[in-house]
$ cat target_3.txt   # compact mmCIF, C-alpha atoms
# COMPACT_ATOMS: atom_id res chain seq x y z
CA MET A 1 22.14 14.97 38.81
CA PRO A 2 24.35 16.90 36.36
CA PRO A 3 26.41 14.95 33.83
CA VAL A 4 29.77 13.75 35.12
CA LEU A 5 32.77 15.36 33.45
CA PRO A 6 36.08 13.49 33.43
CA SER A 7 37.87 16.81 33.99
CA ARG A 8 36.54 20.12 35.28
CA THR A 9 39.58 22.20 34.36
CA LEU A 10 39.52 24.27 31.18
CA PRO A 11 42.45 24.04 28.76
CA ALA A 12 44.87 26.95 28.77
CA ASP A 13 43.45 28.86 25.79
CA LEU A 14 39.88 28.74 27.08
CA ALA A 15 41.01 29.57 30.61
CA ALA A 16 42.82 32.66 29.29
CA ARG A 17 39.69 33.75 27.45
CA ALA A 18 37.57 33.30 30.60
CA ARG A 19 40.04 35.35 32.65
CA ALA A 20 40.09 38.16 30.08
CA PHE A 21 36.29 38.22 29.90
CA ALA A 22 35.95 38.44 33.69
CA ALA A 23 38.64 41.12 34.00
CA ALA A 24 37.04 43.33 31.36
CA GLY A 25 33.54 42.99 32.79
CA GLU A 26 32.15 42.28 29.34
CA LYS A 27 28.57 41.33 28.52
CA PRO A 28 27.92 37.93 26.89
CA VAL A 29 27.26 37.98 23.16
CA PRO A 30 23.77 36.91 22.01
CA LEU A 31 22.96 33.23 21.60
CA ARG A 32 22.30 31.52 18.25
CA ASP A 33 20.16 28.38 17.96
CA ALA A 34 22.15 25.32 16.94
CA ALA A 35 21.84 21.54 16.64
CA THR A 36 24.32 18.73 17.26
CA VAL A 37 23.96 15.06 16.35
CA VAL A 38 25.71 12.23 18.18
CA LEU A 39 25.92 9.67 15.40
CA LEU A 40 26.16 6.14 16.84
CA ARG A 41 26.80 2.59 15.69
CA ASP A 42 27.09 -0.70 17.56
CA ALA A 43 30.64 -1.66 18.51
CA ALA A 44 31.98 -5.04 17.43
CA ARG A 45 32.32 -6.34 21.02
CA GLY A 46 29.29 -4.74 22.62
CA GLY A 47 28.58 -1.16 23.54
CA VAL A 48 28.44 1.73 21.10
CA GLU A 49 30.81 3.85 19.05
CA ALA A 50 30.37 7.58 18.43
CA TYR A 51 31.50 9.59 15.42
CA LEU A 52 33.86 12.47 16.25
CA LEU A 53 35.56 15.01 14.02
CA ARG A 54 38.40 17.37 14.85
CA ARG A 55 37.79 20.99 13.89
CA VAL A 56 40.63 22.66 12.01
CA THR A 57 42.73 25.08 14.04
CA SER A 58 41.68 28.03 11.87
CA MET A 59 38.06 27.84 13.09
CA VAL A 60 36.85 30.71 15.26
CA PHE A 61 34.85 28.43 17.59
CA ALA A 62 36.15 25.19 19.15
CA ALA A 63 39.31 25.17 17.04
CA GLY A 64 41.24 21.91 17.37
CA MET A 65 38.48 20.29 19.41
CA HIS A 66 36.96 16.87 18.76
CA VAL A 67 33.22 17.39 18.40
CA PHE A 68 30.06 15.75 17.10
CA PRO A 69 28.59 16.97 13.78
CA GLY A 70 26.59 20.13 14.26
CA GLY A 71 26.33 23.86 13.82
CA ALA A 72 24.17 26.93 13.85
CA VAL A 73 20.69 27.05 12.36
CA ASP A 74 20.45 28.46 8.83
CA ALA A 75 17.47 30.73 8.17
CA ARG A 76 16.29 28.36 5.41
CA ASP A 77 16.11 25.46 7.88
CA ALA A 78 12.86 27.08 9.02
CA ASP A 79 11.14 26.45 5.66
CA ALA A 80 7.66 25.27 6.62
CA ASP A 81 7.30 23.31 3.35
CA ILE A 82 10.08 20.83 4.14
CA ALA A 83 8.58 17.34 3.98
CA TRP A 84 8.42 15.56 7.33
CA SER A 85 7.83 11.99 8.42
CA GLY A 86 7.72 10.55 11.93
CA PRO A 87 6.83 12.03 15.33
CA PRO A 88 5.38 15.53 14.82
CA PRO A 89 7.30 18.58 16.08
CA GLU A 90 4.74 19.14 18.84
CA GLU A 91 5.93 15.96 20.61
CA TRP A 92 9.39 17.47 21.10
CA CYS A 93 8.40 20.94 22.24
CA ARG A 94 8.78 20.10 25.93
CA PRO A 95 12.07 18.14 25.86
CA LEU A 96 13.67 20.71 23.56
CA SER A 97 12.20 23.76 25.34
CA ALA A 98 11.07 25.10 21.97
CA ASP A 99 7.89 25.80 20.07
CA ALA A 100 6.89 23.62 17.10
CA THR A 101 8.39 26.01 14.54
CA LEU A 102 11.78 25.99 16.25
CA VAL A 103 11.64 22.20 16.67
CA ARG A 104 11.20 21.78 12.90
CA THR A 105 14.06 24.19 12.30
CA LEU A 106 16.38 22.37 14.73
CA VAL A 107 15.65 18.96 13.22
CA CYS A 108 16.30 20.28 9.72
CA ALA A 109 19.56 21.86 10.91
CA ALA A 110 20.54 18.58 12.59
CA VAL A 111 19.99 16.59 9.40
CA ARG A 112 21.75 19.18 7.23
CA GLU A 113 24.79 19.50 9.48
CA THR A 114 25.15 15.72 9.76
CA PHE A 115 25.15 15.38 5.98
CA GLU A 116 27.57 18.28 5.54
CA GLU A 117 30.07 16.97 8.10
CA SER A 118 29.84 13.19 7.70
CA GLY A 119 28.15 12.43 4.38
CA VAL A 120 25.32 10.64 6.24
CA LEU A 121 21.76 11.68 5.34
CA LEU A 122 19.00 11.08 7.90
CA ALA A 123 16.22 11.11 5.32
CA GLY A 124 14.31 8.71 3.12
CA ARG A 125 11.45 8.12 0.75
CA PRO A 126 7.96 9.27 1.66
CA PRO A 127 6.02 6.78 3.81
CA ALA A 128 3.98 5.57 0.82
CA GLY A 129 7.16 4.43 -0.95
CA GLY A 130 9.20 3.82 2.18
CA GLY A 131 12.86 3.10 2.50
CA MET A 132 15.89 5.01 3.68
CA VAL A 133 18.60 6.51 1.55
CA ALA A 134 21.05 3.59 1.32
CA ASP A 135 24.15 5.19 -0.19
CA THR A 136 25.36 8.78 -0.37
CA THR A 137 28.88 8.24 -1.70
CA GLY A 138 28.23 9.03 -5.38
CA GLU A 139 29.54 12.13 -7.14
CA ASP A 140 26.03 13.57 -7.39
CA TRP A 141 25.63 13.36 -3.62
CA GLU A 142 29.01 15.04 -3.13
CA ARG A 143 27.92 17.92 -5.36
CA ASP A 144 24.81 18.34 -3.22
CA ARG A 145 26.83 18.25 -0.01
CA LEU A 146 29.21 20.92 -1.26
CA ALA A 147 26.28 23.04 -2.41
CA LEU A 148 24.80 22.87 1.08
CA LEU A 149 28.15 23.93 2.51
CA ASP A 150 28.49 27.01 0.32
CA ARG A 151 24.81 27.82 0.87
CA SER A 152 23.96 27.71 -2.84
CA LEU A 153 21.48 24.93 -1.98
CA ALA A 154 19.01 24.74 0.91
CA MET A 155 18.15 21.50 2.69
CA GLY A 156 14.53 21.83 1.65
CA GLU A 157 15.51 22.18 -2.01
CA LEU A 158 17.69 19.07 -1.85
CA LEU A 159 14.91 17.00 -0.30
CA GLN A 160 12.31 18.24 -2.77
CA ARG A 161 14.46 17.59 -5.83
CA ARG A 162 15.32 14.07 -4.65
CA GLU A 163 11.75 13.37 -3.48
CA LEU A 164 12.87 12.72 0.10
CA VAL A 165 11.46 13.57 3.53
CA LEU A 166 13.08 14.22 6.90
CA HIS A 167 12.68 11.15 9.10
CA SER A 168 12.33 12.56 12.60
CA ALA A 169 12.06 9.01 14.00
CA LEU A 170 15.79 8.60 13.28
CA LEU A 171 16.62 11.26 15.88
CA ARG A 172 16.04 11.45 19.63
CA PRO A 173 16.48 14.58 21.79
CA TRP A 174 19.32 14.05 24.25
CA ALA A 175 20.60 17.25 25.86
CA HIS A 176 20.48 21.04 25.85
CA TRP A 177 23.69 23.03 26.30
CA ILE A 178 24.41 26.76 26.37
CA THR A 179 27.85 28.10 25.44
CA PRO A 180 29.58 29.74 28.44
CA ASP A 181 29.35 33.51 28.81
CA PHE A 182 33.01 34.19 27.99
CA GLU A 183 32.98 32.75 24.45
CA THR A 184 32.99 35.18 21.51
CA ARG A 185 30.45 32.99 19.71
CA ARG A 186 27.66 31.48 21.76
CA TYR A 187 25.07 28.84 20.90
CA ASP A 188 21.82 27.54 22.36
CA THR A 189 22.39 23.95 21.26
CA ARG A 190 20.05 20.97 21.32
CA PHE A 191 21.82 17.62 21.18
CA PHE A 192 20.26 14.65 19.37
CA VAL A 193 21.32 11.01 19.17
CA ALA A 194 20.90 8.99 15.97
CA ALA A 195 21.86 5.58 14.63
CA LEU A 196 24.00 5.31 11.52
CA PRO A 197 21.41 4.23 8.88
CA ASP A 198 21.81 0.77 7.36
CA GLY A 199 23.80 0.89 4.15
CA GLN A 200 25.30 4.33 4.77
CA ARG A 201 28.81 5.07 5.95
CA THR A 202 30.62 8.13 7.15
CA ARG A 203 33.52 9.55 5.21
CA ASP A 204 36.22 12.10 5.82
CA VAL A 205 34.74 15.06 3.95
CA GLY A 206 37.36 17.65 4.94
CA GLY A 207 36.38 21.31 5.12
CA GLU A 208 35.91 22.28 8.76
CA ALA A 209 37.50 19.04 10.01
CA ASP A 210 40.98 17.63 9.52
CA ARG A 211 40.35 14.25 11.18
CA VAL A 212 37.38 11.93 11.79
CA VAL A 213 37.17 8.84 13.97
CA TRP A 214 34.71 6.31 15.40
CA LEU A 215 35.42 5.58 19.07
CA ARG A 216 33.81 3.88 22.01
CA PRO A 217 32.87 6.61 24.51
CA ASP A 218 35.06 5.17 27.28
CA GLU A 219 38.06 5.02 24.94
CA ALA A 220 37.49 8.61 23.81
CA LEU A 221 37.40 9.73 27.45
CA ARG A 222 40.62 7.86 28.24
CA ARG A 223 42.35 9.50 25.29
CA HIS A 224 41.14 12.89 26.49
CA GLU A 225 42.57 12.26 29.94
CA ARG A 226 45.91 11.34 28.32
CA GLY A 227 45.87 14.63 26.43
CA GLU A 228 45.35 12.99 23.03
CA LEU A 229 41.83 14.28 22.26
CA ALA A 230 40.85 17.84 23.13
CA MET A 231 37.12 18.12 23.86
CA LEU A 232 34.73 20.67 25.33
CA PRO A 233 32.56 19.94 28.40
CA PRO A 234 29.34 19.10 26.46
CA THR A 235 31.18 16.49 24.38
CA LEU A 236 32.84 15.00 27.44
CA ALA A 237 29.60 14.89 29.38
CA THR A 238 27.70 13.25 26.51
CA LEU A 239 30.36 10.59 26.04
CA GLY A 240 30.28 9.92 29.77
CA GLU A 241 26.52 9.36 29.63
CA LEU A 242 26.79 7.01 26.64
CA ALA A 243 29.67 4.91 27.96
CA GLY A 244 27.50 2.45 29.86
CA TYR A 245 25.01 1.59 27.13
CA PRO A 246 25.16 -1.92 25.62
CA SER A 247 23.78 -0.97 22.18
CA VAL A 248 22.49 1.84 20.00
CA ALA A 249 18.96 0.47 20.43
CA ALA A 250 19.32 0.88 24.19
CA VAL A 251 20.39 4.51 23.77
CA LEU A 252 17.48 5.30 21.48
CA GLY A 253 15.06 3.47 23.76
CA ASP A 254 16.21 5.35 26.83
CA ALA A 255 16.23 8.81 25.23
CA PRO A 256 12.46 9.53 25.56
CA GLN A 257 12.65 8.93 29.33
CA ARG A 258 15.44 11.45 29.87
CA ARG A 259 14.81 14.68 31.72
CA ILE A 260 16.54 17.27 29.57
CA ARG A 261 17.70 20.38 31.39
CA ARG A 262 19.19 23.55 29.97
CA LEU A 263 22.85 23.41 31.00
CA LEU A 264 24.93 26.57 31.15
CA PRO A 265 28.48 25.86 32.36
CA ALA A 266 29.80 28.43 34.84
CA THR A 267 33.47 29.14 35.44
CA VAL A 268 35.33 29.47 38.72
CA ILE A 269 38.62 31.33 38.38
CA SER A 270 41.50 30.77 40.80
CA ASP A 271 45.16 31.72 40.69
CA ASP A 272 46.30 28.55 38.93
CA GLU A 273 43.28 27.24 36.99
CA VAL A 274 39.77 27.86 35.67
CA GLN A 275 37.21 25.18 36.43
CA VAL A 276 33.79 24.42 34.97
CA LEU A 277 30.70 24.00 37.13
CA LEU A 278 27.28 22.73 36.08
CA PRO A 279 23.85 23.24 37.66
CA GLY A 280 23.71 21.09 40.81
CA ASP A 281 27.43 21.33 41.49
CA PRO A 282 28.48 22.83 44.82
CA GLY A 283 29.40 26.45 44.22
CA TYR A 284 27.40 26.86 41.01
CA PRO A 285 26.21 30.52 41.00
CA VAL A 286 22.50 30.95 41.60

$ encode --input "target_3.txt" --output "structure tokens"
Amino acid sequence: MPPVLPSRTLPADLAARARAFAAAGEKPVPLRDAATVVLLRDAARGGVEAYLLRRVTSMVFAAGMHVFPGGAVDARDADADIAWSGPPPEEWCRPLSADATLVRTLVCAAVRETFEESGVLLAGRPPAGGGMVADTTGEDWERDRLALLDRSLAMGELLQRRELVLHSALLRPWAHWITPDFETRRYDTRFFVAALPDGQRTRDVGGEADRVVWLRPDEALRRHERGELAMLPPTLATLGELAGYPSVAAVLGDAPQRRIRRLLPATVISDDEVQVLLPGDPGYPV
């Protein structure tokens, strides 16, 4: 069954873009590989909370939307020398519909984007020494984060200098979404879930976001329905899937059993609205 979306109707700006695209008979722009991380922590009264940030209105893609940390792959994320610990890339080839090289690249992009947009680093000491990074709030860490943002530093260089390795066991593949045809920037995005590491905390790092918040998925969906939080279909669908879980451990434990399908939302245009359809929905174009 496809994920359940609280609302199938696109907001006015996206609906206008879809109408213009259809009227002009344009061809979709090429896809770029991307990674998104749903950062989770246990809620005080049971259930989970997810970390969301609101993209500034000047952004070309998803402006003003509440999203999870993530972004496009950087060419240097594919560095084969990046140290790795945990399940090998080959184990994720099938769920991510990617070869081992792309899996490594996506995981590196996921870790980099999470650090850039939340200050949380999903990395640690090599297995022989063990231990996760416990605190990334110092000025030296902020310099590294800013250097990643302006691309003067690559993720592999940061890990090597600090003698750290990517911990793939901290991440679990969750979903695979394709940006709709009408968008001017399109991404082939793999979604991961991850627990907030012990000792680390998120912080409002600014830049591409003007607001950050931890929310229970059901509360985030209610705020969306009230018009308080603008979100795109993949974010809504993911929150809907996570709403029923009692703990982060339950999410991570369930993730390997998920059947991950490549989801390309289609649009149905009528006189008064534009609606989103997913594979399996009645009327989804074959």

$ closest_residue --input "target_3.txt" --among "A:Ala78, A:Ala50, A:Ala266, A:Ala15" --to "Tyr284 (chain A)" --atoms "only C-alpha atoms"
A:Ala266

$ atom_distance --input "target_3.txt" --atom1 "CA of Asp42 (chain A)" --atom2 "CA of Thr202 (chain A)"
14.1 Å

$ axis_aligned_box --input "target_3.txt" --around "region 22-26 of chain A" --padding-each-side "6 Å" --output "lines of an AutoDock Vina configuration file"
center_x = 35.4
center_y = 40.9
center_z = 31.7
size_x = 18.5
size_y = 16.9
size_z = 16.7

$ residues_around --input "target_3.txt" --residues "region 173-185 of chain A" --least-positions-apart "3" --cutoff "8 Å" --atoms "all atoms listed in the file" --output "PyMOL selection string"
chain A and resi 17-18+21-22+27-29+31+61+92+95-96+188-193+234+255-256+258+260-266

$ residues_around --input "target_3.txt" --residues "Gly156 (chain A)" --least-positions-apart "5" --cutoff "8 Å" --atoms "all atoms listed in the file" --output "number ranges by chain"
A: 76-77, 79, 81-83

$ closest_residue --input "target_3.txt" --among "A:Thr238, A:Gln160, A:Thr137, A:Ser152" --to "Ala220 (chain A)" --atoms "all atoms listed in the file"
A:Thr238

$ closest_residue --input "target_3.txt" --among "A:Asp254, A:Ser247, A:Thr9, A:Pro285" --to "Ala44 (chain A)" --atoms "all atoms listed in the file"
A:Ser247

$ atom_distance --input "target_3.txt" --atom1 "CA of Val251 (chain A)" --atom2 "CA of Arg172 (chain A)"
9.2 Å

$ residues_around --input "target_3.txt" --residues "His66 (chain A)" --least-positions-apart "4" --cutoff "12 Å" --atoms "all atoms listed in the file" --output "MDAnalysis selection string"
chainID A and resid 50:57 61:62 70 208:215 220:221 223:224 227:236 239

$ closest_residue --input "target_3.txt" --among "A:Glu113, A:Asp198, A:Glu139, A:Asp204" --to "Ala34 (chain A)" --atoms "all atoms listed in the file"
A:Glu113

$ residues_around --input "target_3.txt" --residues "region 270-273 of chain A" --least-positions-apart "5" --cutoff "10 Å" --atoms "only C-alpha atoms" --output "ChimeraX atom specification"
/A:8-12,15-16,19

$ build_atoms --input "target_3.txt" --residues "region 149-174 of chain A" --atoms "N, CA and C atoms" --output "short mmCIF file (atom, residue, chain, number, x, y, z; two decimals), keeping the file's coordinate frame"
data_model
loop_
_atom_site.label_atom_id
_atom_site.label_comp_id
_atom_site.auth_asym_id
_atom_site.auth_seq_id
_atom_site.Cartn_x
_atom_site.Cartn_y
_atom_site.Cartn_z
N LEU A 149 27.08 23.26 1.78
CA LEU A 149 28.15 23.93 2.51
C LEU A 149 28.33 25.38 2.08
N ASP A 150 28.29 25.63 0.77
CA ASP A 150 28.49 27.01 0.32
C ASP A 150 27.18 27.80 0.26
N ARG A 151 26.12 27.18 0.74
CA ARG A 151 24.81 27.82 0.87
C ARG A 151 24.16 28.17 -0.47
N SER A 152 24.63 27.54 -1.56
CA SER A 152 23.96 27.71 -2.84
C SER A 152 22.75 26.79 -2.96
N LEU A 153 22.60 25.86 -2.01
CA LEU A 153 21.48 24.93 -1.98
C LEU A 153 20.96 24.86 -0.55
N ALA A 154 19.64 24.89 -0.40
CA ALA A 154 19.01 24.74 0.91
C ALA A 154 18.61 23.29 1.11
N MET A 155 18.52 22.89 2.39
CA MET A 155 18.15 21.50 2.69
C MET A 155 16.79 21.16 2.10
N GLY A 156 15.86 22.08 2.19
CA GLY A 156 14.53 21.83 1.65
C GLY A 156 14.55 21.60 0.15
N GLU A 157 15.40 22.34 -0.56
CA GLU A 157 15.51 22.18 -2.01
C GLU A 157 16.10 20.82 -2.36
N LEU A 158 17.10 20.39 -1.60
CA LEU A 158 17.69 19.07 -1.85
C LEU A 158 16.65 17.97 -1.66
N LEU A 159 15.91 18.03 -0.57
CA LEU A 159 14.91 17.00 -0.30
C LEU A 159 13.82 16.99 -1.37
N GLN A 160 13.38 18.17 -1.77
CA GLN A 160 12.31 18.24 -2.77
C GLN A 160 12.77 17.68 -4.11
N ARG A 161 13.96 18.05 -4.55
CA ARG A 161 14.46 17.59 -5.83
C ARG A 161 14.66 16.08 -5.85
N ARG A 162 15.08 15.51 -4.72
CA ARG A 162 15.32 14.07 -4.65
C ARG A 162 14.10 13.29 -4.15
N GLU A 163 13.00 14.00 -3.94
CA GLU A 163 11.75 13.37 -3.48
C GLU A 163 11.97 12.61 -2.18
N LEU A 164 12.59 13.30 -1.21
CA LEU A 164 12.87 12.72 0.10
C LEU A 164 12.15 13.51 1.18
N VAL A 165 12.06 12.90 2.37
CA VAL A 165 11.46 13.57 3.53
C VAL A 165 12.41 13.40 4.72
N LEU A 166 12.37 14.37 5.64
CA LEU A 166 13.08 14.22 6.90
C LEU A 166 12.43 13.11 7.71
N HIS A 167 13.21 12.21 8.25
CA HIS A 167 12.68 11.15 9.10
C HIS A 167 13.00 11.48 10.55
N SER A 168 12.07 12.15 11.22
CA SER A 168 12.33 12.56 12.60
C SER A 168 12.50 11.36 13.53
N ALA A 169 11.94 10.20 13.15
CA ALA A 169 12.06 9.01 14.00
C ALA A 169 13.51 8.53 14.11
N LEU A 170 14.39 9.00 13.22
CA LEU A 170 15.79 8.60 13.28
C LEU A 170 16.55 9.34 14.37
N LEU A 171 15.97 10.42 14.87
CA LEU A 171 16.62 11.26 15.88
C LEU A 171 15.89 11.16 17.21
N ARG A 172 16.63 11.35 18.30
CA ARG A 172 16.04 11.45 19.63
C ARG A 172 16.68 12.64 20.35
N PRO A 173 15.88 13.51 20.97
CA PRO A 173 16.48 14.58 21.79
C PRO A 173 17.29 13.98 22.93
N TRP A 174 18.45 14.60 23.22
CA TRP A 174 19.32 14.05 24.25
C TRP A 174 19.73 15.07 25.30
#
